[in-house]
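Data file: run.pdb. Format and content: PDB, C-alpha atoms.
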ATOM      1  CA  MET N1366       0.000   0.000   0.000
ATOM      2  CA  GLN N1367       2.809   2.420   0.909
ATOM      3  CA  ASN N1368       4.608   1.710  -2.421
ATOM      4  CA  ARG N1369       1.467   2.554  -4.390
ATOM      5  CA  ILE N1370       1.189   5.912  -2.630
ATOM      6  CA  LEU N1371       4.873   6.753  -3.461
ATOM      7  CA  ILE N1372       4.378   5.846  -7.137
ATOM      8  CA  PHE N1373       1.236   8.016  -7.296
ATOM      9  CA  PHE N1374       2.986  11.088  -5.815
ATOM     10  CA  GLY N1375       6.031  10.512  -8.100
ATOM     11  CA  PHE N1376       3.751  10.515 -11.126
ATOM     12  CA  ILE N1377       2.112  13.786 -10.009
ATOM     13  CA  LEU N1378       5.548  15.378  -9.481
ATOM     14  CA  LEU N1379       6.646  14.326 -12.975
ATOM     15  CA  LEU N1380       3.591  16.030 -14.510
ATOM     16  CA  PHE N1381       4.540  19.333 -12.814
ATOM     17  CA  ILE N1382       8.267  19.145 -13.631
ATOM     18  CA  SER N1383       8.084  18.138 -17.336
ATOM     19  CA  PRO N1384       6.873  21.574 -18.701
ATOM     20  CA  ILE N1385       9.681  23.309 -16.846
ATOM     21  CA  VAL N1386      12.236  20.906 -18.353
ATOM     22  CA  VAL N1387      10.879  21.417 -21.895
ATOM     23  CA  ALA N1388      10.910  25.224 -21.541
ATOM     24  CA  THR N1389      14.480  25.106 -20.232
ATOM     25  CA  LEU N1390      15.612  22.964 -23.189
ATOM     26  CA  ASP N1391      13.982  25.379 -25.744
ATOM     27  CA  SER N1392      15.650  28.345 -24.073
ATOM     28  CA  ASN N1393      19.051  26.664 -24.215
ATOM     29  CA  ALA N1394      18.518  25.790 -27.892
ATOM     30  CA  THR N1395      17.669  29.424 -28.735
ATOM     31  CA  LEU N1396      20.673  30.664 -26.824
ATOM     32  CA  LEU N1397      22.908  28.195 -28.619
ATOM     33  CA  ALA N1398      21.573  29.261 -32.017
ATOM     34  CA  SER N1399      22.118  32.938 -31.154
ATOM     35  CA  THR N1400      25.625  32.190 -29.975
ATOM     36  CA  ASN N1401      26.425  30.319 -33.213
ATOM     37  CA  THR N1402      25.124  33.214 -35.374
ATOM     38  CA  SER N1403      27.206  35.717 -33.449
ATOM     39  CA  THR N1404      30.222  33.500 -33.836
ATOM     40  CA  GLU N1405      29.676  33.191 -37.595
ATOM     41  CA  GLN N1406      29.520  37.000 -37.929
ATOM     42  CA  GLU N1407      32.727  37.346 -35.975
ATOM     43  CA  LEU N1408      34.324  34.823 -38.318
ATOM     44  CA  VAL N1409      33.647  37.066 -41.406
ATOM     45  CA  PRO N1410      36.956  38.794 -42.274
ATOM     46  CA  THR N1411      37.112  42.465 -41.286
ATOM     47  CA  THR N1412      38.141  43.555 -44.803
ATOM     48  CA  GLN N1413      35.084  41.862 -46.294
ATOM     49  CA  GLN N1414      32.813  43.656 -43.860
ATOM     50  CA  GLU N1415      34.486  46.953 -44.726
ATOM     51  CA  ASP N1416      34.122  46.258 -48.455
ATOM     52  CA  LEU N1417      30.427  45.616 -48.040
ATOM     53  CA  ALA N1418      30.016  48.822 -46.077
ATOM     54  CA  ILE N1419      31.970  50.834 -48.677
ATOM     55  CA  ALA N1420      29.947  49.337 -51.545
ATOM     56  CA  GLU N1421      26.719  50.269 -49.815
ATOM     57  CA  LYS N1422      28.007  53.797 -49.229
ATOM     58  CA  ILE N1423      29.085  54.233 -52.859
ATOM     59  CA  GLU N1424      25.740  52.991 -54.108
ATOM     60  CA  SER N1425      23.954  55.410 -51.780
ATOM     61  CA  ASN N1426      26.132  58.343 -52.910
ATOM     62  CA  GLN N1427      25.576  57.517 -56.564
ATOM     63  CA  LEU N1428      21.837  57.644 -56.093
ATOM     64  CA  VAL N1429      22.072  61.024 -54.388
ATOM     65  CA  TYR N1430      24.456  62.382 -57.082
ATOM     66  CA  SER N1431      22.275  61.241 -59.932
ATOM     67  CA  THR N1432      19.357  63.089 -58.373
ATOM     68  CA  ASN N1433      21.131  66.313 -57.401
ATOM     69  CA  SER N1434      24.089  66.559 -59.791
ATOM     70  CA  ASP N1435      24.730  69.843 -61.584
ATOM     71  CA  THR N1436      23.832  69.709 -65.296
ATOM     72  CA  ARG N1437      27.207  71.235 -66.093
ATOM     73  CA  ASP N1438      28.741  67.856 -65.214
ATOM     74  CA  THR N1439      26.371  65.999 -67.535
ATOM     75  CA  PRO N1440      27.828  65.001 -70.939
ATOM     76  CA  LEU N1441      26.412  66.909 -73.883
ATOM     77  CA  ASP N1442      23.579  65.223 -75.755
ATOM     78  CA  ASN N1443      25.082  64.793 -79.209
ATOM     79  CA  THR N1444      21.647  64.343 -80.742
ATOM     80  CA  LYS N1445      20.899  68.008 -80.143
ATOM     81  CA  GLU N1446      21.855  70.333 -82.938
ATOM     82  CA  ILE N1447      24.197  73.118 -81.965
ATOM     83  CA  VAL N1448      23.470  76.456 -83.649
ATOM     84  CA  PRO N1449      25.016  79.892 -83.271
ATOM     85  CA  ARG N1450      23.198  82.429 -81.112
ATOM     86  CA  ASN N1451      24.137  85.512 -83.106
ATOM     87  CA  ALA N1452      24.796  86.103 -86.785
ATOM     88  CA  LEU N1453      25.781  89.254 -88.623
ATOM     89  CA  ILE N1454      24.912  89.757 -92.287
ATOM     90  CA  LEU N1455      26.299  92.484 -94.517
ATOM     91  CA  PHE N1456      26.176  93.303 -98.208
ATOM     92  CA  THR N1457      29.419  94.975 -99.268
ATOM     93  CA  HIS N1458      28.216  95.200-102.873
ATOM     94  CA  SER N1459      24.751  96.209-101.780
ATOM     95  CA  HIS N1460      23.333  96.993-105.263
ATOM     96  CA  GLU N1461      24.211  93.638-106.828
ATOM     97  CA  ALA N1462      21.052  92.393-108.509
ATOM     98  CA  PHE N1463      19.534  89.443-110.365
ATOM     99  CA  LYS N1464      18.302  90.164-113.896
ATOM    100  CA  PRO N1465      15.032  88.166-113.657
ATOM    101  CA  ILE N1466      14.112  89.917-110.389
ATOM    102  CA  VAL N1467      14.852  93.425-111.683
ATOM    103  CA  LYS N1468      12.949  92.618-114.879
ATOM    104  CA  SER N1469       9.859  91.482-112.958
ATOM    105  CA  LYS N1470       9.943  94.459-110.589
ATOM    106  CA  ASP N1471      11.028  97.355-112.805
ATOM    107  CA  GLY N1472      10.712  96.012-116.337
ATOM    108  CA  LYS N1473      14.383  96.607-117.092
ATOM    109  CA  THR N1474      17.472  94.461-117.540
ATOM    110  CA  ALA N1475      20.210  95.241-115.023
ATOM    111  CA  VAL N1476      22.764  93.506-112.832
ATOM    112  CA  TYR N1477      22.971  96.425-110.378
ATOM    113  CA  ASP N1478      19.988  98.223-108.954
ATOM    114  CA  SER N1479      19.487 100.599-106.052
ATOM    115  CA  THR N1480      16.168  99.025-104.973
ATOM    116  CA  SER N1481      15.692  95.506-106.396
ATOM    117  CA  ASN N1482      18.974  93.978-105.267
ATOM    118  CA  ILE N1483      20.481  91.350-102.992
ATOM    119  CA  MET N1484      19.534  93.353 -99.911
ATOM    120  CA  SER N1485      15.891  92.574-100.712
ATOM    121  CA  PHE N1486      16.449  89.110 -99.244
ATOM    122  CA  ASN N1487      17.274  90.374 -95.756
ATOM    123  CA  GLU N1488      13.743  89.699 -94.431
ATOM    124  CA  THR N1489      13.816  86.168 -95.885
ATOM    125  CA  ILE N1490      17.167  85.500 -94.239
ATOM    126  CA  LYS N1491      15.980  86.916 -90.935
ATOM    127  CA  ASN N1492      12.903  84.671 -90.962
ATOM    128  CA  TYR N1493      14.975  81.545 -91.626
ATOM    129  CA  PHE N1494      17.299  82.449 -88.768
ATOM    130  CA  THR N1495      14.391  83.106 -86.420
ATOM    131  CA  LEU N1496      12.958  79.655 -87.152
ATOM    132  CA  ASN N1497      16.178  78.244 -85.715
ATOM    133  CA  SER N1498      16.306  80.544 -82.672
ATOM    134  CA  ILE N1499      19.203  82.534 -84.112
ATOM    135  CA  THR N1500      19.404  86.294 -83.765
ATOM    136  CA  ALA N1501      20.264  87.862 -87.108
ATOM    137  CA  ASP N1502      21.680  91.380 -87.240
ATOM    138  CA  PHE N1503      22.124  93.256 -90.513
ATOM    139  CA  LEU N1504      24.862  95.816 -90.761
ATOM    140  CA  GLU N1505      23.101  99.159 -91.102
ATOM    141  CA  PHE N1506      25.327 100.449 -93.858
ATOM    142  CA  ASN N1507      24.574 100.700 -97.583
ATOM    143  CA  THR N1508      28.045 100.629 -99.079
ATOM    144  CA  MET N1509      27.131 101.495-102.641
ATOM    145  CA  ASP N1510      24.886 104.366-101.587
ATOM    146  CA  GLU N1511      27.821 105.726 -99.619
ATOM    147  CA  MET N1512      30.132 105.257-102.613
ATOM    148  CA  ALA N1513      27.763 107.246-104.796
ATOM    149  CA  LYS N1514      27.628 110.070-102.255
ATOM    150  CA  THR N1515      31.406 110.356-101.982
ATOM    151  CA  ASN N1516      32.241 109.526-105.600
ATOM    152  CA  ARG N1517      34.370 106.522-104.594
ATOM    153  CA  LYS N1518      35.505 103.716-106.898
ATOM    154  CA  PHE N1519      33.923 100.250-106.914
ATOM    155  CA  SER N1520      37.240  98.685-105.858
ATOM    156  CA  GLU N1521      37.127 100.732-102.641
ATOM    157  CA  ALA N1522      33.935  99.087-101.377
ATOM    158  CA  TYR N1523      35.620  96.913 -98.726
ATOM    159  CA  ASN N1524      37.557  99.858 -97.333
ATOM    160  CA  ILE N1525      34.391 101.957 -97.177
ATOM    161  CA  VAL N1526      32.366  99.392 -95.230
ATOM    162  CA  ARG N1527      35.243  98.366 -92.952
ATOM    163  CA  PRO N1528      34.851 101.028 -90.185
ATOM    164  CA  ALA N1529      31.147 100.236 -89.744
ATOM    165  CA  LEU N1530      31.815  96.480 -89.762
ATOM    166  CA  GLU N1531      34.702  96.748 -87.312
ATOM    167  CA  SER N1532      32.648  98.856 -84.923
ATOM    168  CA  GLN N1533      29.776  96.375 -85.038
ATOM    169  CA  ILE N1534      31.838  93.275 -84.259
ATOM    170  CA  ASN N1535      33.738  95.103 -81.517
ATOM    171  CA  ASN N1536      30.464  95.904 -79.770
ATOM    172  CA  LYS N1537      28.870  92.462 -80.059
ATOM    173  CA  LYS N1538      30.108  88.911 -80.346
ATOM    174  CA  TYR N1539      28.939  86.946 -83.379
ATOM    175  CA  ASP N1540      29.095  83.231 -84.051
ATOM    176  CA  ILE N1541      29.236  83.832 -87.792
ATOM    177  CA  ILE N1542      29.656  86.863 -90.027
ATOM    178  CA  ILE N1543      28.447  86.551 -93.617
ATOM    179  CA  ASP N1544      29.219  89.007 -96.396
ATOM    180  CA  LEU N1545      26.612  88.069 -98.976
ATOM    181  CA  HIS N1546      27.136  88.731-102.702
ATOM    182  CA  ARG N1547      25.703  87.816-106.101
ATOM    183  CA  ASP N1548      28.128  86.161-108.528
ATOM    184  CA  SER N1549      28.622  87.541-112.026
ATOM    185  CA  ALA N1550      28.737  84.087-113.683
ATOM    186  CA  ASN N1551      25.977  82.932-116.031
ATOM    187  CA  ARG N1552      23.120  80.543-115.315
ATOM    188  CA  GLU N1553      24.861  77.345-116.457
ATOM    189  CA  ILE N1554      27.532  77.825-113.801
ATOM    190  CA  THR N1555      25.389  79.122-110.941
ATOM    191  CA  THR N1556      22.356  76.806-111.125
ATOM    192  CA  LEU N1557      21.765  73.321-109.702
ATOM    193  CA  ASN N1558      18.945  70.936-110.608
ATOM    194  CA  TYR N1559      18.517  68.351-107.873
ATOM    195  CA  GLN N1560      15.542  66.127-107.032
ATOM    196  CA  ASN N1561      13.066  68.193-109.027
ATOM    197  CA  GLU N1562      14.217  71.453-107.455
ATOM    198  CA  THR N1563      16.292  74.267-108.960
ATOM    199  CA  TYR N1564      18.766  76.088-106.727
ATOM    200  CA  GLY N1565      21.078  79.010-107.069
ATOM    201  CA  LYS N1566      24.504  77.629-106.147
ATOM    202  CA  LEU N1567      26.715  79.045-103.396
ATOM    203  CA  TYR N1568      30.375  79.935-103.784
ATOM    204  CA  PHE N1569      32.852  80.753-101.002
ATOM    205  CA  VAL N1570      35.602  83.347-101.490
ATOM    206  CA  VAL N1571      38.641  83.696 -99.190
ATOM    207  CA  GLY N1572      41.216  86.455 -99.340
ATOM    208  CA  GLU N1573      44.795  85.247 -98.850
ATOM    209  CA  GLU N1574      46.430  88.610 -98.299
ATOM    210  CA  HIS N1575      46.333  88.561 -94.499
ATOM    211  CA  SER N1576      48.206  86.475 -91.949
ATOM    212  CA  ASN N1577      45.238  84.489 -90.588
ATOM    213  CA  TYR N1578      43.584  83.572 -93.886
ATOM    214  CA  LEU N1579      44.007  79.810 -93.300
ATOM    215  CA  ALA N1580      41.498  79.986 -90.447
ATOM    216  CA  ASN N1581      38.944  81.654 -92.727
ATOM    217  CA  LYS N1582      39.678  79.148 -95.454
ATOM    218  CA  SER N1583      39.235  76.164 -93.155
ATOM    219  CA  TYR N1584      35.969  77.622 -91.887
ATOM    220  CA  ALA N1585      34.645  78.100 -95.417
ATOM    221  CA  GLN N1586      35.777  74.647 -96.563
ATOM    222  CA  LYS N1587      33.965  72.938 -93.687
ATOM    223  CA  MET N1588      30.777  74.792 -94.515
ATOM    224  CA  SER N1589      31.069  74.013 -98.228
ATOM    225  CA  THR N1590      31.683  70.325 -97.526
ATOM    226  CA  GLN N1591      28.706  70.122 -95.187
ATOM    227  CA  LEU N1592      26.433  71.697 -97.784
ATOM    228  CA  ASN N1593      27.495  69.267-100.498
ATOM    229  CA  GLU N1594      27.078  66.272 -98.217
ATOM    230  CA  LEU N1595      23.421  67.170 -97.807
ATOM    231  CA  ILE N1596      22.681  68.625-101.244
ATOM    232  CA  PRO N1597      25.351  67.404-103.707
ATOM    233  CA  GLY N1598      26.607  70.200-105.906
ATOM    234  CA  ILE N1599      24.897  73.137-104.209
ATOM    235  CA  SER N1600      28.279  74.573-103.267
ATOM    236  CA  ARG N1601      30.731  75.375-106.025
ATOM    237  CA  GLY N1602      33.502  75.136-103.457
ATOM    238  CA  VAL N1603      36.022  77.587-102.049
ATOM    239  CA  ILE N1604      38.252  79.893-104.073
ATOM    240  CA  SER N1605      41.212  81.803-102.654
ATOM    241  CA  LYS N1606      42.118  85.185-104.118
ATOM    242  CA  LYS N1607      45.161  87.409-103.979
ATOM    243  CA  GLY N1608      47.210  89.616-106.258
ATOM    244  CA  ASP N1609      46.263  92.282-108.773
ATOM    245  CA  HIS N1610      42.680  93.315-109.501
ATOM    246  CA  VAL N1611      41.229  91.677-106.377
ATOM    247  CA  ASP N1612      40.825  92.935-102.837
ATOM    248  CA  GLY N1613      42.739  89.995-101.345
ATOM    249  CA  VAL N1614      41.448  90.512 -97.784
ATOM    250  CA  TYR N1615      37.674  91.131 -97.965
ATOM    251  CA  ASN N1616      37.799  92.304 -94.332
ATOM    252  CA  GLN N1617      38.189  88.680 -93.250
ATOM    253  CA  ASP N1618      41.188  89.666 -91.160
ATOM    254  CA  LEU N1619      38.669  91.085 -88.672
ATOM    255  CA  ALA N1620      37.290  87.657 -87.728
ATOM    256  CA  GLU N1621      38.180  84.056 -88.530
ATOM    257  CA  ASN N1622      34.492  83.118 -88.608
ATOM    258  CA  MET N1623      33.758  85.568 -91.398
ATOM    259  CA  VAL N1624      32.806  84.167 -94.792
ATOM    260  CA  LEU N1625      32.147  85.779 -98.152
ATOM    261  CA  ILE N1626      29.426  83.896-100.030
ATOM    262  CA  GLU N1627      28.438  84.389-103.643
ATOM    263  CA  LEU N1628      24.738  83.508-103.817
ATOM    264  CA  GLY N1629      23.588  82.378-107.245
ATOM    265  CA  GLY N1630      24.378  84.499-110.290
ATOM    266  CA  ILE N1631      22.987  87.258-112.481
ATOM    267  CA  ASP N1632      20.493  84.903-114.193
ATOM    268  CA  ASN N1633      18.959  83.184-111.179
ATOM    269  CA  THR N1634      15.329  83.785-110.265
ATOM    270  CA  GLU N1635      13.900  84.914-106.951
ATOM    271  CA  GLU N1636      12.542  81.422-106.301
ATOM    272  CA  GLU N1637      15.919  79.799-106.975
ATOM    273  CA  ILE N1638      17.669  82.191-104.609
ATOM    274  CA  SER N1639      14.998  81.801-101.925
ATOM    275  CA  ILE N1640      15.157  77.995-101.953
ATOM    276  CA  ALA N1641      18.969  78.118-101.802
ATOM    277  CA  LEU N1642      18.776  80.421 -98.784
ATOM    278  CA  TYR N1643      16.221  78.165 -97.150
ATOM    279  CA  GLN N1644      18.407  75.085 -97.566
ATOM    280  CA  PHE N1645      21.526  76.923 -96.421
ATOM    281  CA  PHE N1646      20.031  78.446 -93.279
ATOM    282  CA  GLN N1647      18.080  75.350 -92.304
ATOM    283  CA  LYS N1648      19.506  71.856 -91.797
ATOM    284  CA  PRO N1649      22.936  72.312 -93.500
ATOM    285  CA  PHE N1650      23.614  75.446 -91.499
ATOM    286  CA  GLN N1651      22.637  73.778 -88.224
ATOM    287  CA  LEU N1652      24.623  70.614 -88.837
ATOM    288  CA  PHE N1653      27.682  72.635 -89.784
ATOM    289  CA  PHE N1654      27.599  74.409 -86.442
ATOM    290  CA  LYS N1655      27.001  71.148 -84.598
ATOM    291  CA  LYS N1656      30.159  69.624 -86.097
ATOM    292  CA  HIS N1657      32.168  72.843 -85.833
ATOM    293  CA  SER N1658      31.245  73.304 -82.156
ATOM    294  CA  GLN N1659      32.111  69.683 -81.367
ATOM    295  CA  GLN N1660      35.503  70.079 -83.089
ATOM    296  CA  LYS N1661      36.216  73.261 -81.122
ATOM    297  CA  MET N1662      35.262  71.510 -77.884
ATOM    298  CA  LEU N1663      37.611  68.641 -78.734
ATOM    299  CA  ILE N1664      40.467  71.032 -79.554
ATOM    300  CA  ASN N1665      39.910  72.957 -76.314
ATOM    301  CA  THR N1666      39.852  69.698 -74.349
ATOM    302  CA  LEU N1667      43.147  68.565 -75.875
ATOM    303  CA  LYS N1668      44.706  71.891 -74.913
ATOM    304  CA  LEU N1669      43.921  71.361 -71.220
TER
END
Starting from the coordinates I provided, produce the structure as structure tokens.
Amino acid sequence: MQNRILIFFGFILLLFISPIVVATLDSNATLLASTNTSTEQELVPTTQQEDLAIAEKIESNQLVYSTNSDTRDTPLDNTKEIVPRNALILFTHSHEAFKPIVKSKDGKTAVYDSTSNIMSFNETIKNYFTLNSITADFLEFNTMDEMAKTNRKFSEAYNIVRPALESQINNKKYDIIIDLHRDSANREITTLNYQNETYGKLYFVVGEEHSNYLANKSYAQKMSTQLNELIPGISRGVISKKGDHVDGVYNQDLAENMVLIELGGIDNTEEEISIALYQFFQKPFQLFFKKHSQQKMLINTLKL
């Protein structure tokens, strides 16, 4: 009887003790697992931990920089066309005219005229520039009117316009300066038929009688090449002049980005001149400045 009572109380005691034992075992297991994890972290090499931290820091800084970086540090988008902000146009031989235009306006045949002349295209040129966000200034000086007033010779035209031109470019910076003329050649030489359109051709003239003429020549050659790449044959190329019976400078010593352009010839029509101007001052003109600006940027970078 006594043994049965002891067994009964032992069984009751076991029921009370067993939950405590199980809880203690689970706690020890958790502690052991935590200890093992801590030990594994301590076993990771210090340099690896530092590398991970540095990588995370770099990644974080890159995200911040990409959000807040100054646009001046962003590479230029080469898909955007680079155009000049300011252009100056002058007409040294301001009365040069086109026979078909004078005939339609005044009923007479003439290659020089005081009213129906190359200066009549200044509004057309200005509009084409404006379409491309370019400010076009026209030199407020009528050379041939001034020559008539002072009884000066035709060969003196460049000397007569020079003071006004020099004053203008000293007071304002221009990305290009164009002295626009009409060539004296006949229609066969000055006209292009291309893809069902008829154009007055362009012709670049460079004076070699000044020390920096190679810069002007290079500038003109790049522009001529760009034009012919887009409209084959629209530019008759670049001619250099010096010696007797020519000016030899054409005021190009005042700026290396100054070009003298012969636009069409005496037989070209108003439509042929207008479409040539449109093509010149639109895509070809823009692409020329894109390439020229990129080349200047590259040269400046190499100089650093």
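With only C-alpha atoms taken into account, the protein and nucleic acid residues at most 9 Å from N:Tyr1578 (excluding it and anything under 4 positions from it in its own chain) are Val1571, Gly1572, Glu1573, Glu1574, Lys1582, Ser1583, Val1614, Gln1617, Asp1618 and Glu1621 of chain N.
What separates atom CA of N:Ile1543 from atom CA of N:Leu1625 is a distance of 5.9 Å.
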Take the point (29.2, 101.5, -102.7) as written in the file and pick out every residue within 9 Å of it, counting all atoms listed in the file; give the list as a PDB file with C-alpha atoms, keeping the file's coordinate frame.
ATOM      1  CA  THR N1457      29.419  94.975 -99.268  1.00  0.00           C
ATOM      2  CA  HIS N1458      28.216  95.200-102.873  1.00  0.00           C
ATOM      3  CA  SER N1459      24.751  96.209-101.780  1.00  0.00           C
ATOM      4  CA  HIS N1460      23.333  96.993-105.263  1.00  0.00           C
ATOM      5  CA  ASN N1507      24.574 100.700 -97.583  1.00  0.00           C
ATOM      6  CA  THR N1508      28.045 100.629 -99.079  1.00  0.00           C
ATOM      7  CA  MET N1509      27.131 101.495-102.641  1.00  0.00           C
ATOM      8  CA  ASP N1510      24.886 104.366-101.587  1.00  0.00           C
ATOM      9  CA  GLU N1511      27.821 105.726 -99.619  1.00  0.00           C
ATOM     10  CA  MET N1512      30.132 105.257-102.613  1.00  0.00           C
ATOM     11  CA  ALA N1513      27.763 107.246-104.796  1.00  0.00           C
ATOM     12  CA  LYS N1514      27.628 110.070-102.255  1.00  0.00           C
ATOM     13  CA  ARG N1517      34.370 106.522-104.594  1.00  0.00           C
ATOM     14  CA  LYS N1518      35.505 103.716-106.898  1.00  0.00           C
ATOM     15  CA  PHE N1519      33.923 100.250-106.914  1.00  0.00           C
ATOM     16  CA  GLU N1521      37.127 100.732-102.641  1.00  0.00           C
ATOM     17  CA  ALA N1522      33.935  99.087-101.377  1.00  0.00           C
ATOM     18  CA  TYR N1523      35.620  96.913 -98.726  1.00  0.00           C
ATOM     19  CA  ILE N1525      34.391 101.957 -97.177  1.00  0.00           C
ATOM     20  CA  VAL N1526      32.366  99.392 -95.230  1.00  0.00           C
TER      21      VAL N1526
END
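One finds atom CA of N:Glu1531 at 20.3 Å from atom CA of N:Thr1515.
A straight line drawn from atom CA of N:Asp1502 to atom CA of N:Ile1454 is 6.2 Å long.
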- request: Evaluate the PyMOL selection byres ((chain N and resi 1492) around 12) and record the selected residues as a count of residues only, following the chain and residue labels used in the document.
  value: 21
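Those DNA, RNA and protein residues that approach the point (25.3, 96.1, -109.1) to within 9 Å, considering only C-alpha atoms, are His1458, Ser1459, His1460, Glu1461, Ala1462, Phe1463, Ala1475, Val1476, Tyr1477, Asp1478, Ser1479, Asn1482, Met1509 and Arg1547 of chain N.
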- prompt: Hey, what comes out of the PyMOL selection byres ((chain N and resi 1586) around 12) on this file? Could you write it as a PyMOL selection string?
  reply: chain N and resi 1568-1571+1579-1585+1587-1593+1600-1605+1622+1624-1626+1653+1657
Selection from above, C-alpha atoms, as a compact mmCIF listing (two decimals), in the frame of the given file, can you write it?
# COMPACT_ATOMS: atom_id res chain seq x y z
CA TYR N 1568 30.38 79.94 -103.78
CA PHE N 1569 32.85 80.75 -101.00
CA VAL N 1570 35.60 83.35 -101.49
CA VAL N 1571 38.64 83.70 -99.19
CA LEU N 1579 44.01 79.81 -93.30
CA ALA N 1580 41.50 79.99 -90.45
CA ASN N 1581 38.94 81.65 -92.73
CA LYS N 1582 39.68 79.15 -95.45
CA SER N 1583 39.24 76.16 -93.16
CA TYR N 1584 35.97 77.62 -91.89
CA ALA N 1585 34.65 78.10 -95.42
CA LYS N 1587 33.97 72.94 -93.69
CA MET N 1588 30.78 74.79 -94.52
CA SER N 1589 31.07 74.01 -98.23
CA THR N 1590 31.68 70.32 -97.53
CA GLN N 1591 28.71 70.12 -95.19
CA LEU N 1592 26.43 71.70 -97.78
CA ASN N 1593 27.50 69.27 -100.50
CA SER N 1600 28.28 74.57 -103.27
CA ARG N 1601 30.73 75.38 -106.02
CA GLY N 1602 33.50 75.14 -103.46
CA VAL N 1603 36.02 77.59 -102.05
CA ILE N 1604 38.25 79.89 -104.07
CA SER N 1605 41.21 81.80 -102.65
CA ASN N 1622 34.49 83.12 -88.61
CA VAL N 1624 32.81 84.17 -94.79
CA LEU N 1625 32.15 85.78 -98.15
CA ILE N 1626 29.43 83.90 -100.03
CA PHE N 1653 27.68 72.64 -89.78
CA HIS N 1657 32.17 72.84 -85.83
Quick one: residues within 9 Å of stretch 1555-1567 of chain N, only C-alpha atoms counted, chain neighbours fewer than 3 positions away excluded, as a PDB file with C-alpha atoms, in the coordinates of the input?
ATOM      1  CA  ASP N1548      28.128  86.161-108.528  1.00  0.00           C
ATOM      2  CA  ALA N1550      28.737  84.087-113.683  1.00  0.00           C
ATOM      3  CA  ASN N1551      25.977  82.932-116.031  1.00  0.00           C
ATOM      4  CA  ARG N1552      23.120  80.543-115.315  1.00  0.00           C
ATOM      5  CA  SER N1589      31.069  74.013 -98.228  1.00  0.00           C
ATOM      6  CA  ILE N1596      22.681  68.625-101.244  1.00  0.00           C
ATOM      7  CA  PRO N1597      25.351  67.404-103.707  1.00  0.00           C
ATOM      8  CA  GLY N1598      26.607  70.200-105.906  1.00  0.00           C
ATOM      9  CA  ILE N1599      24.897  73.137-104.209  1.00  0.00           C
ATOM     10  CA  SER N1600      28.279  74.573-103.267  1.00  0.00           C
ATOM     11  CA  ARG N1601      30.731  75.375-106.025  1.00  0.00           C
ATOM     12  CA  GLY N1602      33.502  75.136-103.457  1.00  0.00           C
ATOM     13  CA  ILE N1626      29.426  83.896-100.030  1.00  0.00           C
ATOM     14  CA  GLU N1627      28.438  84.389-103.643  1.00  0.00           C
ATOM     15  CA  LEU N1628      24.738  83.508-103.817  1.00  0.00           C
ATOM     16  CA  GLY N1629      23.588  82.378-107.245  1.00  0.00           C
ATOM     17  CA  GLY N1630      24.378  84.499-110.290  1.00  0.00           C
ATOM     18  CA  ILE N1631      22.987  87.258-112.481  1.00  0.00           C
ATOM     19  CA  ASP N1632      20.493  84.903-114.193  1.00  0.00           C
ATOM     20  CA  ASN N1633      18.959  83.184-111.179  1.00  0.00           C
ATOM     21  CA  THR N1634      15.329  83.785-110.265  1.00  0.00           C
ATOM     22  CA  GLU N1636      12.542  81.422-106.301  1.00  0.00           C
ATOM     23  CA  GLU N1637      15.919  79.799-106.975  1.00  0.00           C
ATOM     24  CA  ILE N1638      17.669  82.191-104.609  1.00  0.00           C
ATOM     25  CA  SER N1639      14.998  81.801-101.925  1.00  0.00           C
ATOM     26  CA  ILE N1640      15.157  77.995-101.953  1.00  0.00           C
ATOM     27  CA  ALA N1641      18.969  78.118-101.802  1.00  0.00           C
ATOM     28  CA  LEU N1642      18.776  80.421 -98.784  1.00  0.00           C
ATOM     29  CA  PHE N1645      21.526  76.923 -96.421  1.00  0.00           C
TER      30      PHE N1645
END
Mind filling out stretch 1559-1564 of chain N with N, CA, C and O atoms and sending it as a short mmCIF file (atom, residue, chain, number, x, y, z; two decimals), in the coordinates of the input?
data_model
loop_
_atom_site.label_atom_id
_atom_site.label_comp_id
_atom_site.auth_asym_id
_atom_site.auth_seq_id
_atom_site.Cartn_x
_atom_site.Cartn_y
_atom_site.Cartn_z
N TYR N 1559 18.35 69.51 -108.75
CA TYR N 1559 18.52 68.35 -107.87
C TYR N 1559 17.17 67.95 -107.30
O TYR N 1559 16.49 68.76 -106.67
N GLN N 1560 16.79 66.69 -107.55
CA GLN N 1560 15.54 66.13 -107.03
C GLN N 1560 14.35 67.05 -107.29
O GLN N 1560 13.60 67.42 -106.39
N ASN N 1561 14.21 67.39 -108.56
CA ASN N 1561 13.07 68.19 -109.03
C ASN N 1561 13.01 69.60 -108.44
O ASN N 1561 11.95 70.24 -108.45
N GLU N 1562 14.13 70.09 -107.93
CA GLU N 1562 14.22 71.45 -107.46
C GLU N 1562 15.37 72.17 -108.16
O GLU N 1562 16.37 71.55 -108.52
N THR N 1563 15.24 73.47 -108.33
CA THR N 1563 16.29 74.27 -108.96
C THR N 1563 16.82 75.28 -107.95
O THR N 1563 16.04 76.05 -107.37
N TYR N 1564 18.12 75.25 -107.73
CA TYR N 1564 18.77 76.09 -106.73
C TYR N 1564 19.76 77.04 -107.38
O TYR N 1564 20.43 76.69 -108.37
#
